[in-house]
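**Student:** If you scroll down you'll find the structure; I have some questions about it.
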Amino acid sequence: MFEELIERIQYYKKLGLNPLALATGCAVKVDLLRVVYPAIRNLKEKLNRSRFAIAPREDALIISGDASEVHRRVYHLNSQAKIDLTDIRTVSRGRKLYAVTVVQIYQRYADTPEAFLDKIAPVYLKLAELNLPIYLGKGHSIITPFAEDEFILFDFLPESIGEGFTAVNNDTIHIVDPTQEPGDFRQVSGALSNALNDIFVLGVHRNLRVYPVINAPSEELIERLWSNIEIYSKKYDVGFERSSQLERGRLLMGATTIGYSDRAPPLFEDRVEIGSKLVITRPMGELAPINLFLSCIVDESIVKDIEELGIQLREVEKAKDEAVERISTPNIEAAQVIYKYLPYYREEFKPDEHISITTDVTGPGVLVVKELAERSNTTIKLYDVPLLFPQISELATKLYIIPNATSGTNGPFIIVAPDAIAHDVVKDLKAKGLNASIIGEVIGKGDSEVIAPAKLKKYIADHRILMEFKLV
Amino acid sequence: MVRAVKITACGDVKGVGYRRFVWRIAKALDLKGYVENLIGVPCVEIYAEGDDACIEKFKEKISLNKIYEINSLTIVEDRPKNIYSDFMIVKCLDEVL
């Protein structure tokens, strides 16, 4: 088995990526803190007198009304970059433009804000020459080890009218499961579901569309990926558009995702009440078995270690497959339940009837609860941290395979709901086949703190993360 | 006896899980310190302090790695700083694992 898997890993290396990077969080993202944010601060100053605005960082762009038009443009990031301003004027036809962007930049230019800015600024400054109101709502910056693979992709959405809101997100990944072929359906399914998750968490589940960002080194593989997108579209009733794409290059899968809601997004941070409950839509921790299995492949001594601790490799592999299946399944049912408990767009928020805030459990794992406490300035007491594979998460922590074994990708949602409806929310989620439960409650306001069960130490090896909790 | 080393590893070490690999070895040996990507060069910097025998094992395990392509590995003795309570991966903002 090892030989076959290692051969596949070598194959992925030929496709331009290292599957070992799967286990490293934002290894393929440009460093936000040191590079992207300082560069964007500087770029904002350069754009200060223009009508091109860049939004503060948000998980998704929210636009009033039902934005139905998407116009994709892909530009090179080099001196030959040609931007046809007449073309963008035609897209706008006098309307304000919203935009989301994906930048793929050569590693050499991703190390410093200055180098990053030198690459992206000419494109933004050129667009600013239009003197049109353009609002960049979400950006996603990734690194490529190949200079010729650089690009900047914009999806422009002209402003729209009407009630409700449109949520827009974009995200990309290289691969979901490096032990499987890139043409495996779960790879595309995971990439698209992951890109949809940031809009599902807002209760958005209608008029869903994906505008894939797809690349591969061969026409055959590109066609296979498109074929899988079509299957995904039919399976989950998500529209897709084969909008303009990148030139042929290294493997990349993702999408700009769009959906509409006639209810308000759950962004009522100031309405979180003492006594509100935290509902999780299903247990968390997809990444522990994937990381443990990959570690076993690249370092056979770990197989011996896990066997000594009472777990066989085939059990880890089974858990890994189950985790990949979860990652590859869109959280649409959970979005439908969130939607049910939100006020209509012009309706008043009712503290006893409506969900106040939500979040998705991604890379930070259970640490997202601390973010919820900070957003709402509340003290939260966690009763439990339900995990998909508690034994494997514990083992992955004990063997220092993963610093935070509660981490996930395309993970469950945590919903803050008033006590009066919390049990109904759980019941509705269970009716849709989800293993939902109440995991905690808001016990105070004015300070952001999370009190968590001491057993968290079994699942988190990183002391800095543990220090974010008061363990009891 | 407590001792410390500073190691610079260069090669295919960025964005491939190498810091995680170093972290795992250091944690298993109960060493304190950090591993961090260096800006502008394809290298990581490692600072590790702990028991003499554990430092030796750490150096050996890092050097004998067969997983990552390391072009150069510079190891220098350092003075123990005694300011670290854990071994950390110095991460970027979105890097949470």
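Numbering starts fresh at 1 for the residues of each chain in the structure tokens, the chains themselves are lettered A, B, ... in the order given, and ligands are numbered from 1 as they appear.
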If we count only C-alpha atoms and set the cut-off at 8 Å, which residues sit around B:Met1, ignoring sequence neighbours fewer than 6 positions away in its own chain? Please answer as a list in words.

**Tutor:**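 The residues satisfying every condition are Gly50, Asp51 and Asp52 of chain B.
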
**Student:** Would you please extract all strand (DSSP E or B) residues from stretch 4-94 of chain B, as assigned by DSSP on the backbone, and give them as an mmCIF file with C-alpha atoms, in the first residue's frame?

**Tutor:**
data_model
loop_
_atom_site.group_PDB
_atom_site.id
_atom_site.type_symbol
_atom_site.label_atom_id
_atom_site.label_comp_id
_atom_site.auth_asym_id
_atom_site.auth_seq_id
_atom_site.Cartn_x
_atom_site.Cartn_y
_atom_site.Cartn_z
ATOM 1 C CA ALA B 4 20.796 25.074 23.071
ATOM 2 C CA VAL B 5 21.308 24.985 19.311
ATOM 3 C CA LYS B 6 20.333 27.248 16.458
ATOM 4 C CA ILE B 7 19.815 25.440 13.177
ATOM 5 C CA THR B 8 19.288 26.878 9.715
ATOM 6 C CA ALA B 9 17.828 24.408 7.247
ATOM 7 C CA CYS B 10 17.677 25.424 3.582
ATOM 8 C CA GLY B 11 16.114 23.678 0.617
ATOM 9 C CA LYS B 32 11.674 24.274 24.017
ATOM 10 C CA GLY B 33 12.107 26.917 21.330
ATOM 11 C CA TYR B 34 10.702 27.585 17.876
ATOM 12 C CA VAL B 35 10.850 26.906 14.164
ATOM 13 C CA GLU B 36 10.215 29.764 11.766
ATOM 14 C CA ASN B 37 10.276 30.456 8.032
ATOM 15 C CA CYS B 43 15.205 28.403 4.695
ATOM 16 C CA VAL B 44 13.787 27.877 8.167
ATOM 17 C CA GLU B 45 15.408 28.799 11.451
ATOM 18 C CA ILE B 46 15.171 26.477 14.437
ATOM 19 C CA TYR B 47 16.068 27.335 18.003
ATOM 20 C CA ALA B 48 15.952 24.409 20.425
ATOM 21 C CA GLU B 49 17.005 24.075 24.027
ATOM 22 C CA GLY B 50 16.768 21.190 26.450
ATOM 23 C CA ASP B 51 18.506 18.183 27.851
ATOM 24 C CA ILE B 70 17.438 19.795 2.521
ATOM 25 C CA ASN B 71 20.339 21.395 0.643
ATOM 26 C CA SER B 72 22.182 22.710 3.665
ATOM 27 C CA LEU B 73 21.878 22.344 7.402
ATOM 28 C CA THR B 74 23.895 24.681 9.616
ATOM 29 C CA ILE B 75 23.987 23.849 13.308
ATOM 30 C CA VAL B 76 25.583 26.217 15.818
ATOM 31 C CA GLU B 77 25.686 25.992 19.591
ATOM 32 C CA ASP B 78 23.805 28.773 21.344
ATOM 33 C CA PHE B 87 8.236 24.473 21.294
ATOM 34 C CA MET B 88 6.343 26.605 18.789
ATOM 35 C CA ILE B 89 5.800 26.855 15.090
#

**Student:** Please identify every residue of chain B that has at least one atom no more than 12 Å from any atom of chain A, counting only C-alpha atoms, and report them as a VMD selection string.

**Tutor:** chain B and resid 12 to 30 32 37 to 43 65 to 69 84 to 97

**Student:** Restricted to C-alpha atoms, what would the selected residues look like written as a PDB file, in the first residue's frame?

**Tutor:**
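Dumped to result_32.pdb:
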ATOM      1  CA  ASP B  12      12.574  22.590  -0.158  1.00  0.00           C
ATOM      2  CA  VAL B  13      11.393  23.491   3.334  1.00  0.00           C
ATOM      3  CA  LYS B  14       8.687  26.099   2.892  1.00  0.00           C
ATOM      4  CA  GLY B  15       5.050  25.232   2.381  1.00  0.00           C
ATOM      5  CA  VAL B  16       5.717  21.499   2.581  1.00  0.00           C
ATOM      6  CA  GLY B  17       5.119  20.707   6.248  1.00  0.00           C
ATOM      7  CA  TYR B  18       8.760  20.868   7.301  1.00  0.00           C
ATOM      8  CA  ARG B  19       8.096  23.102  10.307  1.00  0.00           C
ATOM      9  CA  ARG B  20       5.469  20.594  11.449  1.00  0.00           C
ATOM     10  CA  PHE B  21       8.041  17.793  11.080  1.00  0.00           C
ATOM     11  CA  VAL B  22      10.551  19.714  13.220  1.00  0.00           C
ATOM     12  CA  TRP B  23       7.854  20.590  15.771  1.00  0.00           C
ATOM     13  CA  ARG B  24       6.868  16.941  16.175  1.00  0.00           C
ATOM     14  CA  ILE B  25      10.457  15.812  16.859  1.00  0.00           C
ATOM     15  CA  ALA B  26      11.085  18.686  19.274  1.00  0.00           C
ATOM     16  CA  LYS B  27       7.868  18.087  21.205  1.00  0.00           C
ATOM     17  CA  ALA B  28       8.535  14.355  21.478  1.00  0.00           C
ATOM     18  CA  LEU B  29      11.959  15.171  22.955  1.00  0.00           C
ATOM     19  CA  ASP B  30      10.504  17.799  25.293  1.00  0.00           C
ATOM     20  CA  LYS B  32      11.674  24.274  24.017  1.00  0.00           C
ATOM     21  CA  ASN B  37      10.276  30.456   8.032  1.00  0.00           C
ATOM     22  CA  LEU B  38      12.994  32.953   7.110  1.00  0.00           C
ATOM     23  CA  ILE B  39      11.929  35.813   4.864  1.00  0.00           C
ATOM     24  CA  GLY B  40      13.474  36.100   1.408  1.00  0.00           C
ATOM     25  CA  VAL B  41      15.363  32.783   1.443  1.00  0.00           C
ATOM     26  CA  PRO B  42      14.239  29.163   1.105  1.00  0.00           C
ATOM     27  CA  CYS B  43      15.205  28.403   4.695  1.00  0.00           C
ATOM     28  CA  ASN B  65      15.300  13.145   7.608  1.00  0.00           C
ATOM     29  CA  LYS B  66      14.450  11.315   4.367  1.00  0.00           C
ATOM     30  CA  ILE B  67      11.239  13.155   3.672  1.00  0.00           C
ATOM     31  CA  TYR B  68      12.286  16.696   2.864  1.00  0.00           C
ATOM     32  CA  GLU B  69      14.895  17.913   0.396  1.00  0.00           C
ATOM     33  CA  TYR B  84      10.444  29.397  26.196  1.00  0.00           C
ATOM     34  CA  SER B  85       7.868  27.237  27.917  1.00  0.00           C
ATOM     35  CA  ASP B  86       7.002  25.223  24.807  1.00  0.00           C
ATOM     36  CA  PHE B  87       8.236  24.473  21.294  1.00  0.00           C
ATOM     37  CA  MET B  88       6.343  26.605  18.789  1.00  0.00           C
ATOM     38  CA  ILE B  89       5.800  26.855  15.090  1.00  0.00           C
ATOM     39  CA  VAL B  90       5.982  30.557  14.315  1.00  0.00           C
ATOM     40  CA  LYS B  91       3.028  30.941  12.023  1.00  0.00           C
ATOM     41  CA  CYS B  92       1.306  33.349   9.732  1.00  0.00           C
ATOM     42  CA  LEU B  93      -2.127  34.644  10.650  1.00  0.00           C
ATOM     43  CA  ASP B  94      -4.245  32.054   8.886  1.00  0.00           C
ATOM     44  CA  GLU B  95      -1.951  29.209   9.789  1.00  0.00           C
ATOM     45  CA  VAL B  96      -3.631  27.540  12.664  1.00  0.00           C
ATOM     46  CA  LEU B  97      -2.693  23.898  12.554  1.00  0.00           C
TER      47      LEU B  97
END

**Student:** Go through A:Glu325, A:Asp360, A:Asp155, A:Glu114 one by one, measure the shortest atom-to-atom distance of each to A:Arg186 using only C-alpha atoms, and give the residue with the smallest value.

**Tutor:**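 Once distances to A:Arg186 are computed over only C-alpha atoms, the minimum belongs to A:Glu325.
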